[in-house]
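Step one of this worksheet: look at the structure below.
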2 protein chains.
Amino acid sequence: MTPTINADRLWQSIMDIAAIGPTPEGGSCRLALSPEDKAARALLLNWCRPLNLHFEQDAIGNMFLRREGREPAAGAVAFGSHLDTVPTGGRFDGVFGVLAGLEAMRALEDAGHATRAPLELVNWTNEEGSRFAPAMMGSRVFANTVPLERALAIADDAGVTVGQALRDSGQAGPLTPSPRGWACWLEAHIEQGPVMEAEGADIGIVTGTVHARYFQLTVTGEPSHVGPTTMDRRHDSLAAAAEIILAVERIAWGAEPRGRASASWISNFTNARGNVANITRLHCDVRHEDAAQAAVMEQALRTAITDIAGRRGVLVAIDPYAMFGPVAFDAALGALLRDKATARQLAVRDLIAAAGHDSVLIAPLCPSAMLFVPSVGGITHNPREYSTPEQVARGAQVLLDAVVELAG
Amino acid sequence: MTPTINADRLWQSIMDIAAIGPTPEGGSCRLALSPEDKAARALLLNWCRPLNLHFEQDAIGNMFLRREGREPAAGAVAFGSHLDTVPTGGRFDGVFGVLAGLEAMRALEDAGHATRAPLELVNWTNEEGSRFAPAMMGSRVFANTVPLERALAIADDAGVTVGQALRDSGQAGPLTPSPRGWACWLEAHIEQGPVMEAEGADIGIVTGTVHARYFQLTVTGEPSHVGPTTMDRRHDSLAAAAEIILAVERIAWGAEPRGRASASWISNFTNARGNVANITRLHCDVRHEDAAQAAVMEQALRTAITDIAGRRGVLVAIDPYAMFGPVAFDAALGALLRDKATARQLAVRDLIAAAGHDSVLIAPLCPSAMLFVPSVGGITHNPREYSTPEQVARGAQVLLDAVVELAG
């Protein structure tokens with residue numbers, strides 16, 4: 001008997017997690033390692049109890065829920081995503097991947113189906129990076145691309161470190177974050193874009209991700225008084241940052257549709273109404289399906305900054321503090337997902353992911369792949385983010401079908 | 001014998017206040033009602049003790065130090081300024097006016113000089129408005145242009161109200177803020193601009209102030225993801241705010257040299273690195289010597305905002321929450337200051353103040369005037385703000401000479 005997911009149970013689980021950290025507009029706010037994130041993690045563990053999964057947690061808070069196989073020494077088939085959200089989070093980003101994995105575990109249990117290889121369901125810590133930068137922190141530390149000690153020392157805007165937040169939320173596990181010898185990794189996710197809906201695709205096979213580069217900029221001008229200080233004597237860091245924001249936007253328009261760029265975070269000092277600002281910090285990123293084109297975008301940004309800084313007599317320090325991709329996911333795994341979707345009479349389309357995902361970090365460790373389900377209207381990181389019960393059920397079933405074949 | 005100020009004592013007092021809330025670059029940070037502001041106020045009171053001044057304080061924290069006259073019922077000759085600073089404050093803005101007044105009191109005491117009319121030295125609360133908006137809060141409440149209850153409810157960016165800060169700093173006095181029947185008001189201040197230095201003037205007679213209009217803007221867009229969200233589907237509140245900042249700057253350049261405009265304060269939400277911002281708040285102001293031209297500048301700002309909002313599909317709410325001026329100071333008092341400066345062989349120049357000052361609020365209550373001393377390089381709200389010992393001594397002496405004549 002082929003294990004089959006329970007679409008109602010999957011949907012109800014997604015709604016139950018969404019109710020933790022609800023926002024007035026119908027979305028969710030569960031910043032990494034917040035009380036809401038802690039509560040969602042506890043609910044996941046509670047759901048896993050009747051499934052007899054073995055729970056382990058590492059020192060960056062990543063959660064591993066293991067179902068033993070008939071060959072315990074075989075490499076596990078691993079899958080999952082993340083439960084944290086951005087401040088204006090929807091109900092599906094990340095959550096769908098974790099709960100599709102949970103539903104796969106539940107369906108196997110319902111069917112009394114034992115696999116040869118062990119299975120592991122994973123909830124990665126701080127995928128979003130909203131509270132603590134950079135994003136995909138848990139999988140970065142797991143993959144040894146960011147040292148644990150460096151990650152633990154990173155502070156949020158209120159000065160609370162990751163280490164402190166892990167302790168406060170009880171999520172600092174005993175394991176040293178490191179690869180677990182997985183046979184392969186699968187992540188189900190919502191598309192977060194408009195392509196699948198527009199083309200009537202049910203399942204997206206993510207063949208890879210864009211190349212993205214993150215920058216933290218510090219613009220340093222000169223403090224002065226907004227009244228008597230004539231314009232020619234000003235070195236206004238906020239006005240310089242405004243020009244940079246618009247330069248980023250122009251570069252983005254020029255790189256569409258395969259490239260994109262954003263300035264999203266700002267911190268201004270003195271931020272006093274009577275003062276021309278003198279220190280403005282800005283976060284921005286450039287990304288492109290073609291890594292060489294992303295480098296061209298970065299160069300355009302640097303050229304614009306040099307011009308703005310020179311013209312305005314301000315200093316701009318550029319910290320290119322993180323990047324990801326491009327990643328090509330495992331072709332054989334992608335083909336398997338494509339076959340499983342086709343066998344279910346679903347419409348399939350290949351896609352490149354424009355957002356970062358934990359799978360980007362796992363791909364170098366073991367064969368990895370991602371599948372997408374459509375996002376209604378392409379809206380994401382927004383309370384109106386939505387995928388239908390049928391769409392998420394289809395994605396979870398394809399994930400389960402692939403897991404059953406891979407785990408034997 | 002003509003009372004004469006002690007230049008060394010005046011300078012030392014300015015340096016002693018500057019040492020409260022020192023900044024690494026040599027300036028001062030004494031935000032209104034902070035522990036540093038409280039300490040500076042306590043030092044002022046300590047200095048006044050041997051002068052037998054009668055201390056009174058009102059419910060918004062304004063300090064009044066009264067020297068009795070031979071005719072106690074006569075209206076007082078009042079003078080002073082403020083001890084609070086912006087975060088990147090220098091050592092002279094506001095402080096000079098209070099300590100020039102203190103030095104006048106000290107010199108009269110040294111000379112055993114009794115005046116007919118009483119004298120009052122004033123330290124106004126929160127002139128800068130850096131922590132609590134609007135600026136000139138103490139004098140606004142004193143002049144009944146802002147109700148006390150409304151001012152007490154205003155919160156800083158950390159959510160602490162003026163009322164709470166007054167209680168915490170022990171500055172909530174028993175008096176109801178209201179006019180005190182003064183015969184006249186004088187304020188000595190640094191120019192904060194480059195004109196006097198450039199023209200070799202020792203004393204500036206401030207004939208009036210510009211007209212200024214303050215605006216709090218709220219830009220509302222739509223949250224989305226910085227990765228997959230194509231540019232045409234974004235409603236980025238931060239990028240819209242950046243355009244507004246540059247529009248303000250263009251309007252300012254067009255209004256020079258008699259007009260000016262600034263965007264100085266920003267608050268961004270979600271301010272998450274993975275999110276296109278959806279709520280950005282911005283503070284800006286326009287000001288001009290000619291009130292009609294300030295209205296034209298406001299209209300240009302509103303037109304620019306309408307264009308930006310329409311083009312980007314964002315909403316911009318405009319709160320024109322405060323204004324000041326134009327004020328014409330008392331011509332007879334100005335003439336008296338001019339005569340006193342000329343009698344001391346000082347070079348005099350008339351000026352319009354481009355910054356707000358407490359005198360703007362007092363001018364409708366009694367004949368009022370301001371005198372300026374030069375600012376080296378025109379630098380202000382900056383640790384490098386500087387006036388020489390000779391420059392401040394000249395200003396204090398002219399203030400004292402005028403006080404002696406006015407008080408009889």
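For the structure tokens, the naming scheme is as follows: chains receive sequential letters (A, B, ...) according to their order of presentation, residues are indexed from 1 within each chain, and ligands are indexed from 1 in presentation order.
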
Report as a VMD selection string the set of chain A residues whose atoms approach chain B to within 7 Å, with distances computed over only C-alpha atoms. chain A and resid 87 to 88 128 130 192 to 193 223 to 229 231 239 242 to 243 245 to 246 253 260 262 264 to 266 268 270 to 277 283 354 to 355 379 to 382

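Using only C-alpha atoms, the residues found no farther than 6 Å from Leu53 in chain A, other than those of its own chain fewer than 2 positions away, are Leu51, Leu65, Arg66 and Arg67 of chain A.
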
I need the chosen residues saved as a compact mmCIF listing (two decimals), in the first residue's frame, with C-alpha atoms.
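Produced file part-v6.txt, reproduced below:
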```txt
# COMPACT_ATOMS: atom_id res chain seq x y z
CA LEU A 51 5.51 8.95 16.11
CA LEU A 65 13.68 14.21 14.55
CA ARG A 66 14.82 10.76 13.48
CA ARG A 67 12.72 7.76 12.46
```

Distance query Met63 in chain B at most 12 Å, only C-alpha atoms, self and fewer than 6 positions along chain excluded, as an NGL selection string: :B and (38 or 41-42 or 44-45 or 48 or 53-57 or 78-83 or 98 or 120-126 or 138-139 or 142 or 171-175 or 177)

Which residues are close to Thr115 in chain A, i.e. within 7 Å by only C-alpha atoms, leaving aside same-chain residues fewer than 5 positions away? Reply as JSON, numbers by chain. {"A": [69, 70, 407, 408]}

Written file, previous selection with C-alpha atoms, as a compact mmCIF listing (two decimals), in the first residue's frame:
```
# COMPACT_ATOMS: atom_id res chain seq x y z
CA GLY A 69 15.15 2.43 9.44
CA ARG A 70 15.60 -1.28 9.04
CA ALA A 407 14.57 5.29 1.77
CA GLY A 408 13.49 1.98 0.27
```

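Proximity of B:Ile60, B:Ile190, B:Ala73, B:Val316 to Thr161 in chain B, computed with only C-alpha atoms, is greatest for B:Ile60.
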
Contact residues around Leu399 in chain B with only C-alpha atoms at 10 Å, ignoring same-chain residues under 3 positions, as a PyMOL selection string: chain B and resi 5+79+97+100-101+103-104+186-188+337+340-341+370-371+393-396+402-404

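Our summary of the geometry notes that CA of Ala165 in chain B is positioned 7.5 Å from CA of Ser34 in chain B.
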
CA of Val219 in chain B and CA of Ala309 in chain B are how many Å apart? 8.3 Å

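If you measure from each of B:Gly21, B:Gly170, B:Gly159, B:Pro179 to Ile362 in chain B using only C-alpha atoms, the closest one turns out to be B:Pro179.
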
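With CA of Glu405 in chain B on one side and CA of Phe92 in chain B on the other, the separation reads 26.0 Å.
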
What's the 10 Å shell around Gly181 in chain A, counting only C-alpha atoms, without same-chain residues fewer than 5 positions away, as number ranges by chain? A: 73-78, 365-366

I need the helix (DSSP H, G or I) residues of range 33-259 of chain B per DSSP on the backbone, written as number ranges by chain. B: 35-51, 95-110, 137-142, 148-153, 162-168, 195-199, 231-233, 237-255

Could you tell me, as a tab-separated table (two decimals) with N, CA and C atoms, in the first residue's frame, which residues of range 67-218 of chain A DSSP assigns to strand (DSSP E) when given the backbone?
```
chain	number	residue	atom	x	y	z
A	67	ARG	N	13.52	8.99	12.49
A	67	ARG	CA	12.72	7.76	12.46
A	67	ARG	C	13.67	6.64	12.03
A	77	VAL	N	17.65	9.64	4.96
A	77	VAL	CA	16.99	10.54	4.03
A	77	VAL	C	16.43	11.69	4.88
A	78	ALA	N	16.96	12.90	4.64
A	78	ALA	CA	16.59	14.03	5.51
A	78	ALA	C	15.76	15.04	4.74
A	79	PHE	N	14.88	15.72	5.46
A	79	PHE	CA	14.00	16.72	4.83
A	79	PHE	C	13.49	17.65	5.91
A	80	GLY	N	13.02	18.82	5.50
A	80	GLY	CA	12.51	19.81	6.45
A	80	GLY	C	12.70	21.21	5.92
A	81	SER	N	12.61	22.18	6.82
A	81	SER	CA	12.76	23.59	6.46
A	81	SER	C	12.86	24.38	7.78
A	119	LEU	N	15.02	8.08	8.51
A	119	LEU	CA	14.52	9.38	8.02
A	119	LEU	C	14.81	10.43	9.09
A	120	GLU	N	15.10	11.65	8.65
A	120	GLU	CA	15.27	12.74	9.62
A	120	GLU	C	14.48	13.96	9.17
A	121	LEU	N	13.64	14.44	10.06
A	121	LEU	CA	12.91	15.69	9.85
A	121	LEU	C	13.67	16.80	10.56
A	122	VAL	N	13.92	17.93	9.86
A	122	VAL	CA	14.77	18.98	10.41
A	122	VAL	C	14.03	20.31	10.47
A	123	ASN	N	14.19	21.02	11.59
A	123	ASN	CA	13.80	22.43	11.68
A	123	ASN	C	15.06	23.24	11.90
A	184	CYS	N	20.76	11.91	1.51
A	184	CYS	CA	20.29	13.00	0.66
A	184	CYS	C	19.42	13.95	1.48
A	185	TRP	N	19.09	15.10	0.88
A	185	TRP	CA	18.30	16.14	1.55
A	185	TRP	C	17.24	16.66	0.59
A	186	LEU	N	16.02	16.79	1.10
A	186	LEU	CA	14.90	17.33	0.31
A	186	LEU	C	14.24	18.47	1.10
A	187	GLU	N	13.88	19.55	0.42
A	187	GLU	CA	13.15	20.63	1.07
A	187	GLU	C	11.95	21.02	0.21
A	188	ALA	N	10.78	20.96	0.81
A	188	ALA	CA	9.57	21.46	0.15
A	188	ALA	C	9.36	22.90	0.61
A	189	HIS	N	8.91	23.76	-0.29
A	189	HIS	CA	8.78	25.19	0.06
A	189	HIS	C	7.73	25.80	-0.85
A	190	ILE	N	7.20	26.95	-0.44
A	190	ILE	CA	6.35	27.71	-1.36
A	190	ILE	C	7.24	28.47	-2.33
A	203	ILE	N	3.75	21.63	-9.34
A	203	ILE	CA	5.00	21.33	-8.63
A	203	ILE	C	6.15	21.99	-9.38
A	204	GLY	N	6.98	22.73	-8.64
A	204	GLY	CA	8.18	23.32	-9.23
A	204	GLY	C	9.39	22.51	-8.81
A	205	ILE	N	10.21	22.11	-9.77
A	205	ILE	CA	11.47	21.43	-9.47
A	205	ILE	C	12.55	22.51	-9.47
A	206	VAL	N	13.15	22.75	-8.30
A	206	VAL	CA	14.12	23.83	-8.19
A	206	VAL	C	15.48	23.28	-8.61
A	207	THR	N	15.92	23.71	-9.76
A	207	THR	CA	17.18	23.16	-10.28
A	207	THR	C	18.39	23.85	-9.65
A	208	GLY	N	18.18	25.02	-9.07
A	208	GLY	CA	19.30	25.72	-8.43
A	208	GLY	C	18.84	27.04	-7.89
A	209	THR	N	19.77	27.82	-7.37
A	209	THR	CA	19.45	29.14	-6.84
A	209	THR	C	20.32	30.19	-7.51
A	211	HIS	N	22.79	33.56	-7.43
A	211	HIS	CA	23.94	33.97	-6.64
A	211	HIS	C	23.59	35.31	-5.99
A	212	ALA	N	23.72	35.39	-4.67
A	212	ALA	CA	23.37	36.62	-3.95
A	212	ALA	C	24.55	37.12	-3.13
A	213	ARG	N	24.68	38.43	-3.08
A	213	ARG	CA	25.75	39.06	-2.30
A	213	ARG	C	25.14	40.10	-1.37
A	214	TYR	N	25.48	40.01	-0.09
A	214	TYR	CA	24.94	40.91	0.94
A	214	TYR	C	25.99	41.94	1.34
A	215	PHE	N	25.54	43.17	1.55
A	215	PHE	CA	26.45	44.25	1.94
A	215	PHE	C	25.90	45.03	3.12
A	216	GLN	N	26.77	45.29	4.06
A	216	GLN	CA	26.44	46.22	5.14
A	216	GLN	C	27.26	47.48	4.88
A	217	LEU	N	26.57	48.61	4.69
A	217	LEU	CA	27.24	49.87	4.38
A	217	LEU	C	27.19	50.80	5.59
A	218	THR	N	28.27	51.53	5.79
A	218	THR	CA	28.27	52.56	6.83
A	218	THR	C	28.66	53.88	6.18
```
